There are 2 protein chains.
Amino acid sequence: MKKKIIIAIDAMGGDNAPKKNIEGINIFLKKNLSANDFELHLYGDENILRQELIKQDIKSELIKILHTKEKVLDDETPLTAIKNSKNTSMWNAVNAQNYNGADISLSAGNTGVLLVISRMILKMMNDVSRPALAGLWPSQKGMSVVLDLGANIECDEKNLMDFSEMGAALFKSIFPDQKPHVALLNIGSEEIKGTETLKKAYAKLKDLKNKNNFIFNGYIEGNELMKGKSNVIVTDGFTGNIALKTAEGTAKFLVDNLKRSLSENIFSKFSLLFSYFSLKKFKLKFDSRKYNGAIFLGLNGPVVKSHGSTDALGFYYSLDLCYRIIKGNLMQEIKNNLSHLDVKNQ
Amino acid sequence: MKKKIIIAIDAMGGDNAPKKNIEGINIFLKKNLSANDFELHLYGDENILRQELIKQDIKSELIKILHTKEKVLDDETPLTAIKNSKNTSMWNAVNAQNYNGADISLSAGNTGVLLVISRMILKMMNDVSRPALAGLWPSQKGMSVVLDLGANIECDEKNLMDFSEMGAALFKSIFPDQKPHVALLNIGSEEIKGTETLKKAYAKLKDLKNKNNFIFNGYIEGNELMKGKSNVIVTDGFTGNIALKTAEGTAKFLVDNLKRSLSENIFSKFSLLFSYFSLKKFKLKFDSRKYNGAIFLGLNGPVVKSHGSTDALGFYYSLDLCYRIIKGNLMQEIKNNLSHLDVKNQ
């Protein structure tokens, strides 16, 4: 029998935890129960978690609770948290990959602390220069992967190379039927444009062409991020974070203004009666909760960070992402893509 | 009698020139004729321009044509263009600030060439470290100024300081009734976040507080670009360009999808009957043509670059921007803000 996928969940992390975490788990169970190929290991205060499971009437054998007394607080810095973290739900959910057979870890808690302790516990893959934070991004053709979203403020060409290969592996694990098309985010599409680092990364990726499991599309500009022609977009963590937040801000700004326009008078309000279902579908398609879950890549095991402020549905999507990543053999895909490095020998 | 504002226009630059340029000028004339405080100096082929003016039935004493035989082509590089540029409409429209009493120059032609020849002809202001390209950005409170949008790929703290002071001056010249609130674009709002360059610029701007004609709001993240709390947003040219294009791409993506949703079935199409005027107002409010015109700052005279692909209305907005900038005494505002530098003695 094939080993079940084990997802280790920090059940105490994020706003409104553990209620929203358990609600999200409930949605996940309802959708995937019949597959019966996974176990969810919940790290947190056993009493509180049991009560919440009873409250939500969840009785599944696919859930295990592993008791931890403490939790990482939102206002802790990585420094203070590491000292006190060994009994926390977050630490133990990550450490579960070393000691309790977990394949992946999920937390909606303090991002800074999660990145630091993940790196401490799981260690970097041999010869990977830096870990990166990858996210999902909507596009005209479906979804793309964008990285780095903020783990590294400054990057060199080796980092960008590693990100390209790991990002392509991540895309393949989530969308096994599609071919990864990698592009570097730049301020022009000609080969001579951009910083020296970008030009060097471009040259290296061009040389790698056809030797790896992805196609290299060259540079793209910010306005092509959502076109979907390239589905793995690589940049440094500073630029990636600015692009992500600018896109979020722009979408919110437009949708807020559209709502105001469509409720400004009796005619436009009346129109909502007829466009209700179309607008609802539109809203659903771009619901940011669907894109919840940033994947920490480059360590000897994957860690997914859910937004702290998301709700049960958002938490469900990040849990579903964990499940899909492991089903898609992320770690093996990364090793394949990095086979020219030492990682294959690990 | 107060001297009239003279705007030097490269009438041959941009797609569909000079037709769209003259049409844009026509819109401008109709709106501002009564003010009678400006002259438009058109640089280009006299025959072609005269014909176009006749075609569009424009007979204004406020227009002068200054004949130039050549024009800069779209595919020229700055290097080839400089050699051949002295008889072009672009070169002469910029040079008009030195020899023909122009206050400002406007072109929709080749951006790279315009930046290079503007710098050659107008020269940098004393002690300004780098010129910057500034643009208008919609916000919840109206409009903001964002710079640099791509003139400088990499910037140091002195550049960011200069951009802050010049950006604040630009904002004040366009919106004389509002106070400039400057912020640095970063990946977090705490003082310790970001690159070393940003931290140094932050410290310098904090020290300047209250000594200048703007308020320093510290850092903002990408999702706050459109909130309007800060109305002068400063960043390096790489990040600024990525943010601008990402915002454009996001807006296009959402609007395209919304259009598709609202025409997908008979009910949603029917709803358009009732929301028509509200949606039209919404569309008008965020019409990108309203934000057309990037301002090249830091030289001894202002140059405005219109999008090459814009239409007559877009060209009109960039011309109107020129007019407002000079009415608002941009160059004096810049000198005021930079009074701690040597520029006051120029």
# chains A, B, ... in the order shown; residues from 1 in each chain; ligands from 1
call {"tool": "select_by_dssp", "arguments": {"residues": "region 92-296 of chain B", "states": "helix (DSSP H, G or I)", "output": "mmCIF file with N, CA and C atoms, in the first residue's frame"}}
result
data_model
loop_
_atom_site.group_PDB
_atom_site.id
_atom_site.type_symbol
_atom_site.label_atom_id
_atom_site.label_comp_id
_atom_site.auth_asym_id
_atom_site.auth_seq_id
_atom_site.Cartn_x
_atom_site.Cartn_y
_atom_site.Cartn_z
ATOM 1 N N ASN B 92 14.529 70.178 -31.770
ATOM 2 C CA ASN B 92 14.229 71.614 -31.772
ATOM 3 C C ASN B 92 13.149 71.991 -30.755
ATOM 4 N N ALA B 93 12.225 71.064 -30.480
ATOM 5 C CA ALA B 93 11.204 71.348 -29.460
ATOM 6 C C ALA B 93 11.854 71.442 -28.079
ATOM 7 N N VAL B 94 12.870 70.613 -27.838
ATOM 8 C CA VAL B 94 13.572 70.691 -26.548
ATOM 9 C C VAL B 94 14.478 71.925 -26.529
ATOM 10 N N ASN B 95 15.206 72.114 -27.603
ATOM 11 C CA ASN B 95 16.148 73.237 -27.690
ATOM 12 C C ASN B 95 15.424 74.590 -27.629
ATOM 13 N N ALA B 96 14.135 74.583 -27.900
ATOM 14 C CA ALA B 96 13.329 75.813 -27.852
ATOM 15 C C ALA B 96 13.388 76.466 -26.475
ATOM 16 N N GLN B 97 13.677 75.663 -25.446
ATOM 17 C CA GLN B 97 13.805 76.238 -24.098
ATOM 18 C C GLN B 97 15.069 77.085 -23.987
ATOM 19 N N ASN B 98 16.072 76.782 -24.791
ATOM 20 C CA ASN B 98 17.300 77.582 -24.762
ATOM 21 C C ASN B 98 17.250 78.767 -25.722
ATOM 22 N N TYR B 99 16.587 78.583 -26.875
ATOM 23 C CA TYR B 99 16.710 79.605 -27.918
ATOM 24 C C TYR B 99 15.415 80.286 -28.326
ATOM 25 N N THR B 111 11.155 57.447 -26.641
ATOM 26 C CA THR B 111 11.456 57.811 -25.249
ATOM 27 C C THR B 111 12.952 57.876 -24.972
ATOM 28 N N GLY B 112 13.676 56.833 -25.377
ATOM 29 C CA GLY B 112 15.106 56.779 -25.097
ATOM 30 C C GLY B 112 15.825 57.990 -25.664
ATOM 31 N N VAL B 113 15.500 58.322 -26.907
ATOM 32 C CA VAL B 113 16.147 59.462 -27.558
ATOM 33 C C VAL B 113 15.762 60.759 -26.846
ATOM 34 N N LEU B 114 14.494 60.897 -26.491
ATOM 35 C CA LEU B 114 14.040 62.128 -25.822
ATOM 36 C C LEU B 114 14.795 62.342 -24.506
ATOM 37 N N LEU B 115 14.960 61.269 -23.726
ATOM 38 C CA LEU B 115 15.656 61.411 -22.443
ATOM 39 C C LEU B 115 17.109 61.840 -22.668
ATOM 40 N N VAL B 116 17.756 61.217 -23.632
ATOM 41 C CA VAL B 116 19.172 61.518 -23.858
ATOM 42 C C VAL B 116 19.360 62.937 -24.396
ATOM 43 N N ILE B 117 18.567 63.326 -25.390
ATOM 44 C CA ILE B 117 18.810 64.671 -25.945
ATOM 45 C C ILE B 117 18.334 65.760 -24.981
ATOM 46 N N SER B 118 17.304 65.478 -24.182
ATOM 47 C CA SER B 118 16.876 66.469 -23.187
ATOM 48 C C SER B 118 18.012 66.756 -22.218
ATOM 49 N N ARG B 119 18.677 65.698 -21.794
ATOM 50 C CA ARG B 119 19.777 65.841 -20.845
ATOM 51 C C ARG B 119 20.943 66.598 -21.491
ATOM 52 N N MET B 120 21.198 66.310 -22.776
ATOM 53 C CA MET B 120 22.285 66.997 -23.482
ATOM 54 C C MET B 120 21.995 68.477 -23.636
ATOM 55 N N ILE B 121 20.744 68.785 -24.006
ATOM 56 C CA ILE B 121 20.401 70.172 -24.344
ATOM 57 C C ILE B 121 20.158 71.013 -23.094
ATOM 58 N N LEU B 122 19.406 70.468 -22.148
ATOM 59 C CA LEU B 122 18.982 71.281 -21.006
ATOM 60 C C LEU B 122 19.943 71.190 -19.830
ATOM 61 N N GLU B 157 20.907 56.718 -1.991
ATOM 62 C CA GLU B 157 20.030 57.499 -1.109
ATOM 63 C C GLU B 157 19.960 58.968 -1.527
ATOM 64 N N LYS B 158 21.060 59.468 -2.081
ATOM 65 C CA LYS B 158 21.057 60.864 -2.548
ATOM 66 C C LYS B 158 20.042 61.021 -3.693
ATOM 67 N N ASN B 159 20.019 60.052 -4.612
ATOM 68 C CA ASN B 159 19.036 60.082 -5.703
ATOM 69 C C ASN B 159 17.624 60.106 -5.134
ATOM 70 N N LEU B 160 17.355 59.219 -4.179
ATOM 71 C CA LEU B 160 15.996 59.115 -3.627
ATOM 72 C C LEU B 160 15.591 60.401 -2.901
ATOM 73 N N MET B 161 16.560 61.037 -2.251
ATOM 74 C CA MET B 161 16.310 62.338 -1.610
ATOM 75 C C MET B 161 15.905 63.376 -2.653
ATOM 76 N N ASP B 162 16.731 63.465 -3.715
ATOM 77 C CA ASP B 162 16.446 64.437 -4.782
ATOM 78 C C ASP B 162 15.073 64.168 -5.397
ATOM 79 N N PHE B 163 14.774 62.887 -5.623
ATOM 80 C CA PHE B 163 13.481 62.530 -6.217
ATOM 81 C C PHE B 163 12.340 62.977 -5.306
ATOM 82 N N SER B 164 12.532 62.823 -3.985
ATOM 83 C CA SER B 164 11.490 63.213 -3.027
ATOM 84 C C SER B 164 11.216 64.704 -3.134
ATOM 85 N N GLU B 165 12.288 65.475 -3.195
ATOM 86 C CA GLU B 165 12.134 66.929 -3.204
ATOM 87 C C GLU B 165 11.583 67.420 -4.541
ATOM 88 N N MET B 166 12.052 66.807 -5.623
ATOM 89 C CA MET B 166 11.543 67.208 -6.944
ATOM 90 C C MET B 166 10.105 66.722 -7.128
ATOM 91 N N GLY B 167 9.797 65.533 -6.629
ATOM 92 C CA GLY B 167 8.440 64.989 -6.733
ATOM 93 C C GLY B 167 7.443 65.845 -5.965
ATOM 94 N N ALA B 168 7.862 66.290 -4.772
ATOM 95 C CA ALA B 168 6.990 67.151 -3.961
ATOM 96 C C ALA B 168 6.739 68.469 -4.689
ATOM 97 N N ALA B 169 7.787 68.999 -5.323
ATOM 98 C CA ALA B 169 7.648 70.248 -6.085
ATOM 99 C C ALA B 169 6.682 70.058 -7.253
ATOM 100 N N LEU B 170 6.810 68.939 -7.933
ATOM 101 C CA LEU B 170 5.928 68.650 -9.070
ATOM 102 C C LEU B 170 4.475 68.558 -8.598
ATOM 103 N N PHE B 171 4.259 67.845 -7.504
ATOM 104 C CA PHE B 171 2.898 67.704 -6.979
ATOM 105 C C PHE B 171 2.319 69.080 -6.660
ATOM 106 N N LYS B 172 3.121 69.907 -6.013
ATOM 107 C CA LYS B 172 2.657 71.240 -5.616
ATOM 108 C C LYS B 172 2.332 72.090 -6.843
ATOM 109 N N SER B 173 3.122 71.953 -7.905
ATOM 110 C CA SER B 173 2.868 72.764 -9.103
ATOM 111 C C SER B 173 1.568 72.336 -9.792
ATOM 112 N N ILE B 174 1.239 71.040 -9.724
ATOM 113 C CA ILE B 174 0.008 70.561 -10.378
ATOM 114 C C ILE B 174 -1.210 70.741 -9.474
ATOM 115 N N GLU B 196 19.601 48.752 2.402
ATOM 116 C CA GLU B 196 20.419 49.758 3.096
ATOM 117 C C GLU B 196 20.173 51.146 2.503
ATOM 118 N N THR B 197 20.053 51.203 1.172
ATOM 119 C CA THR B 197 19.805 52.485 0.500
ATOM 120 C C THR B 197 18.520 53.122 1.019
ATOM 121 N N LEU B 198 17.461 52.319 1.124
ATOM 122 C CA LEU B 198 16.188 52.851 1.604
ATOM 123 C C LEU B 198 16.304 53.335 3.050
ATOM 124 N N LYS B 199 17.014 52.580 3.867
ATOM 125 C CA LYS B 199 17.161 52.980 5.280
ATOM 126 C C LYS B 199 17.905 54.309 5.396
ATOM 127 N N LYS B 200 18.933 54.475 4.568
ATOM 128 C CA LYS B 200 19.682 55.742 4.601
ATOM 129 C C LYS B 200 18.816 56.903 4.105
ATOM 130 N N ALA B 201 18.058 56.657 3.032
ATOM 131 C CA ALA B 201 17.184 57.716 2.505
ATOM 132 C C ALA B 201 16.121 58.080 3.540
ATOM 133 N N TYR B 202 15.601 57.065 4.219
ATOM 134 C CA TYR B 202 14.597 57.282 5.274
ATOM 135 C C TYR B 202 15.169 58.217 6.339
ATOM 136 N N ALA B 203 16.388 57.884 6.818
ATOM 137 C CA ALA B 203 17.012 58.684 7.883
ATOM 138 C C ALA B 203 17.204 60.130 7.423
ATOM 139 N N LYS B 204 17.669 60.318 6.189
ATOM 140 C CA LYS B 204 17.890 61.669 5.671
ATOM 141 C C LYS B 204 16.584 62.451 5.555
ATOM 142 N N LEU B 205 15.541 61.791 5.051
ATOM 143 C CA LEU B 205 14.258 62.481 4.871
ATOM 144 C C LEU B 205 13.628 62.805 6.221
ATOM 145 N N LYS B 206 13.838 61.945 7.181
ATOM 146 C CA LYS B 206 13.305 62.182 8.522
ATOM 147 C C LYS B 206 13.959 63.428 9.124
ATOM 148 N N ASP B 207 15.242 63.573 8.895
ATOM 149 C CA ASP B 207 15.955 64.740 9.409
ATOM 150 C C ASP B 207 15.488 66.029 8.752
ATOM 151 N N LEU B 208 15.125 65.942 7.493
ATOM 152 C CA LEU B 208 14.697 67.127 6.750
ATOM 153 C C LEU B 208 13.318 67.622 7.178
ATOM 154 N N GLY B 222 3.333 48.410 -1.521
ATOM 155 C CA GLY B 222 2.682 48.481 -2.827
ATOM 156 C C GLY B 222 1.161 48.610 -2.764
ATOM 157 N N ASN B 223 0.539 47.965 -1.769
ATOM 158 C CA ASN B 223 -0.926 48.012 -1.693
ATOM 159 C C ASN B 223 -1.444 49.366 -1.208
ATOM 160 N N GLU B 224 -0.532 50.252 -0.776
ATOM 161 C CA GLU B 224 -0.964 51.582 -0.323
ATOM 162 C C GLU B 224 -0.747 52.659 -1.385
ATOM 163 N N GLY B 237 14.088 53.517 -10.353
ATOM 164 C CA GLY B 237 13.431 53.376 -11.644
ATOM 165 C C GLY B 237 13.049 51.953 -12.003
ATOM 166 N N PHE B 238 13.780 50.979 -11.481
ATOM 167 C CA PHE B 238 13.444 49.582 -11.756
ATOM 168 C C PHE B 238 12.130 49.220 -11.063
ATOM 169 N N THR B 239 12.086 49.469 -9.756
ATOM 170 C CA THR B 239 10.895 49.130 -8.971
ATOM 171 C C THR B 239 9.685 49.938 -9.437
ATOM 172 N N GLY B 240 9.903 51.227 -9.728
ATOM 173 C CA GLY B 240 8.808 52.088 -10.157
ATOM 174 C C GLY B 240 8.194 51.601 -11.460
ATOM 175 N N ASN B 241 9.050 51.186 -12.383
ATOM 176 C CA ASN B 241 8.574 50.694 -13.667
ATOM 177 C C ASN B 241 7.791 49.386 -13.497
ATOM 178 N N ILE B 242 8.302 48.477 -12.656
ATOM 179 C CA ILE B 242 7.609 47.210 -12.411
ATOM 180 C C ILE B 242 6.244 47.491 -11.766
ATOM 181 N N ALA B 243 6.222 48.396 -10.782
ATOM 182 C CA ALA B 243 4.959 48.705 -10.088
ATOM 183 C C ALA B 243 3.942 49.296 -11.068
ATOM 184 N N LEU B 244 4.391 50.258 -11.885
ATOM 185 C CA LEU B 244 3.503 50.904 -12.853
ATOM 186 C C LEU B 244 2.915 49.884 -13.826
ATOM 187 N N LYS B 245 3.762 49.050 -14.390
ATOM 188 C CA LYS B 245 3.285 48.104 -15.396
ATOM 189 C C LYS B 245 2.438 47.005 -14.758
ATOM 190 N N THR B 246 2.783 46.604 -13.529
ATOM 191 C CA THR B 246 1.974 45.591 -12.843
ATOM 192 C C THR B 246 0.572 46.147 -12.575
ATOM 193 N N ALA B 247 0.509 47.408 -12.158
ATOM 194 C CA ALA B 247 -0.795 48.029 -11.908
ATOM 195 C C ALA B 247 -1.598 48.115 -13.206
ATOM 196 N N GLU B 248 -0.949 48.527 -14.302
ATOM 197 C CA GLU B 248 -1.627 48.613 -15.601
ATOM 198 C C GLU B 248 -2.143 47.235 -16.027
ATOM 199 N N GLY B 249 -1.270 46.225 -15.874
ATOM 200 C CA GLY B 249 -1.644 44.868 -16.271
ATOM 201 C C GLY B 249 -2.796 44.326 -15.441
ATOM 202 N N THR B 250 -2.774 44.605 -14.144
ATOM 203 C CA THR B 250 -3.829 44.134 -13.251
ATOM 204 C C THR B 250 -5.161 44.785 -13.615
ATOM 205 N N ALA B 251 -5.117 46.090 -13.860
ATOM 206 C CA ALA B 251 -6.341 46.816 -14.201
ATOM 207 C C ALA B 251 -6.924 46.279 -15.514
ATOM 208 N N LYS B 252 -6.068 46.075 -16.491
ATOM 209 C CA LYS B 252 -6.531 45.574 -17.792
ATOM 210 C C LYS B 252 -7.137 44.176 -17.633
ATOM 211 N N PHE B 253 -6.464 43.344 -16.889
ATOM 212 C CA PHE B 253 -6.903 41.969 -16.652
ATOM 213 C C PHE B 253 -8.303 41.951 -16.013
ATOM 214 N N LEU B 254 -8.485 42.780 -14.986
ATOM 215 C CA LEU B 254 -9.772 42.797 -14.286
ATOM 216 C C LEU B 254 -10.878 43.354 -15.168
ATOM 217 N N VAL B 255 -10.583 44.455 -15.853
ATOM 218 C CA VAL B 255 -11.610 45.098 -16.673
ATOM 219 C C VAL B 255 -12.011 44.185 -17.837
ATOM 220 N N ASP B 256 -11.027 43.529 -18.462
ATOM 221 C CA ASP B 256 -11.332 42.588 -19.550
ATOM 222 C C ASP B 256 -12.245 41.470 -19.050
ATOM 223 N N ASN B 257 -11.918 40.936 -17.880
ATOM 224 C CA ASN B 257 -12.713 39.840 -17.331
ATOM 225 C C ASN B 257 -14.108 40.296 -16.922
ATOM 226 N N LEU B 258 -14.170 41.529 -16.408
ATOM 227 C CA LEU B 258 -15.465 42.070 -16.017
ATOM 228 C C LEU B 258 -16.361 42.236 -17.236
ATOM 229 N N LYS B 259 -15.774 42.773 -18.304
ATOM 230 C CA LYS B 259 -16.513 42.946 -19.563
ATOM 231 C C LYS B 259 -17.070 41.607 -20.033
ATOM 232 N N ARG B 260 -16.201 40.592 -19.983
ATOM 233 C CA ARG B 260 -16.628 39.270 -20.420
ATOM 234 C C ARG B 260 -17.777 38.773 -19.544
ATOM 235 N N SER B 261 -17.666 38.967 -18.232
ATOM 236 C CA SER B 261 -18.718 38.517 -17.319
ATOM 237 C C SER B 261 -20.037 39.221 -17.605
ATOM 238 N N LEU B 262 -19.948 40.531 -17.896
ATOM 239 C CA LEU B 262 -21.177 41.307 -18.063
ATOM 240 C C LEU B 262 -21.794 41.144 -19.449
ATOM 241 N N ILE B 266 -27.851 36.701 -21.429
ATOM 242 C CA ILE B 266 -28.864 37.704 -21.744
ATOM 243 C C ILE B 266 -29.215 38.574 -20.532
ATOM 244 N N PHE B 267 -29.148 37.982 -19.335
ATOM 245 C CA PHE B 267 -29.486 38.746 -18.125
ATOM 246 C C PHE B 267 -28.438 39.807 -17.838
ATOM 247 N N SER B 268 -27.176 39.379 -17.907
ATOM 248 C CA SER B 268 -26.120 40.345 -17.588
ATOM 249 C C SER B 268 -26.069 41.427 -18.672
ATOM 250 N N LYS B 269 -26.340 41.039 -19.924
ATOM 251 C CA LYS B 269 -26.370 42.044 -20.994
ATOM 252 C C LYS B 269 -27.501 43.042 -20.746
ATOM 253 N N PHE B 270 -28.617 42.520 -20.321
ATOM 254 C CA PHE B 270 -29.776 43.361 -20.016
ATOM 255 C C PHE B 270 -29.435 44.343 -18.888
ATOM 256 N N SER B 271 -28.663 43.857 -17.917
ATOM 257 C CA SER B 271 -28.302 44.705 -16.773
ATOM 258 C C SER B 271 -27.494 45.923 -17.223
ATOM 259 N N LEU B 272 -26.777 45.758 -18.348
ATOM 260 C CA LEU B 272 -25.954 46.867 -18.830
ATOM 261 C C LEU B 272 -26.800 48.077 -19.206
ATOM 262 N N LEU B 273 -28.050 47.810 -19.586
ATOM 263 C CA LEU B 273 -28.960 48.911 -19.898
ATOM 264 C C LEU B 273 -29.120 49.855 -18.715
ATOM 265 N N PHE B 274 -29.168 49.256 -17.554
ATOM 266 C CA PHE B 274 -29.430 50.055 -16.352
ATOM 267 C C PHE B 274 -28.161 50.620 -15.719
ATOM 268 N N SER B 275 -27.064 49.914 -15.932
ATOM 269 C CA SER B 275 -25.817 50.377 -15.305
ATOM 270 C C SER B 275 -24.968 51.188 -16.276
ATOM 271 N N TYR B 276 -25.493 51.391 -17.508
ATOM 272 C CA TYR B 276 -24.705 52.014 -18.557
ATOM 273 C C TYR B 276 -24.008 53.305 -18.108
ATOM 274 N N PHE B 277 -24.774 54.225 -17.541
ATOM 275 C CA PHE B 277 -24.185 55.518 -17.185
ATOM 276 C C PHE B 277 -23.208 55.416 -16.015
ATOM 277 N N SER B 278 -23.531 54.545 -15.063
ATOM 278 C CA SER B 278 -22.626 54.357 -13.929
ATOM 279 C C SER B 278 -21.314 53.739 -14.387
ATOM 280 N N LEU B 279 -21.410 52.740 -15.271
ATOM 281 C CA LEU B 279 -20.191 52.086 -15.759
ATOM 282 C C LEU B 279 -19.377 53.031 -16.633
ATOM 283 N N LYS B 280 -20.091 53.889 -17.370
ATOM 284 C CA LYS B 280 -19.394 54.840 -18.217
ATOM 285 C C LYS B 280 -18.609 55.837 -17.348
ATOM 286 N N LYS B 281 -19.241 56.274 -16.277
ATOM 287 C CA LYS B 281 -18.567 57.192 -15.350
ATOM 288 C C LYS B 281 -17.342 56.527 -14.731
ATOM 289 N N PHE B 282 -17.527 55.247 -14.353
ATOM 290 C CA PHE B 282 -16.433 54.457 -13.773
ATOM 291 C C PHE B 282 -15.268 54.390 -14.759
ATOM 292 N N LYS B 283 -15.612 54.098 -16.021
ATOM 293 C CA LYS B 283 -14.595 53.953 -17.059
ATOM 294 C C LYS B 283 -13.846 55.276 -17.274
ATOM 295 N N LEU B 284 -14.623 56.361 -17.300
ATOM 296 C CA LEU B 284 -14.029 57.675 -17.506
ATOM 297 C C LEU B 284 -13.060 58.035 -16.399
ATOM 298 N N LYS B 285 -13.471 57.694 -15.171
ATOM 299 C CA LYS B 285 -12.661 58.049 -14.005
ATOM 300 C C LYS B 285 -11.274 57.420 -14.093
ATOM 301 N N SER B 288 -7.008 55.639 -18.769
ATOM 302 C CA SER B 288 -5.562 55.822 -18.633
ATOM 303 C C SER B 288 -5.077 57.065 -19.372
ATOM 304 N N ARG B 289 -5.861 57.546 -20.336
ATOM 305 C CA ARG B 289 -5.434 58.736 -21.072
ATOM 306 C C ARG B 289 -5.330 59.956 -20.158
ATOM 307 N N LYS B 290 -6.131 59.946 -19.082
ATOM 308 C CA LYS B 290 -6.094 61.041 -18.118
ATOM 309 C C LYS B 290 -4.763 61.145 -17.403
ATOM 310 N N TYR B 291 -4.048 60.019 -17.355
ATOM 311 C CA TYR B 291 -2.780 59.980 -16.627
ATOM 312 C C TYR B 291 -1.608 60.020 -17.595
#
call {"tool": "residues_around", "arguments": {"residues": "Ile220 (chain A)", "least_positions_apart": "4", "cutoff": "12 Å", "atoms": "only C-alpha atoms", "output": "number ranges by chain"}}
result
A: 181-191, 193-194, 198, 202, 216, 224-235; B: 242, 245-246, 249
call {"tool": "atom_distance", "arguments": {"atom1": "CA of Ser89 (chain A)", "atom2": "CA of Tyr43 (chain A)"}}
result
4.9 Å
call {"tool": "atom_distance", "arguments": {"atom1": "CA of Arg130 (chain B)", "atom2": "CA of Phe315 (chain B)"}}
result
26.9 Å
call {"tool": "residues_around", "arguments": {"residues": "Asp37 (chain A)", "least_positions_apart": "4", "cutoff": "9 Å", "atoms": "only C-alpha atoms", "output": "PyMOL selection string"}}
result
chain A and resi 2-6+32-33
call {"tool": "atom_distance", "arguments": {"atom1": "CA of Val72 (chain B)", "atom2": "CA of Asn26 (chain B)"}}
result
23.7 Å
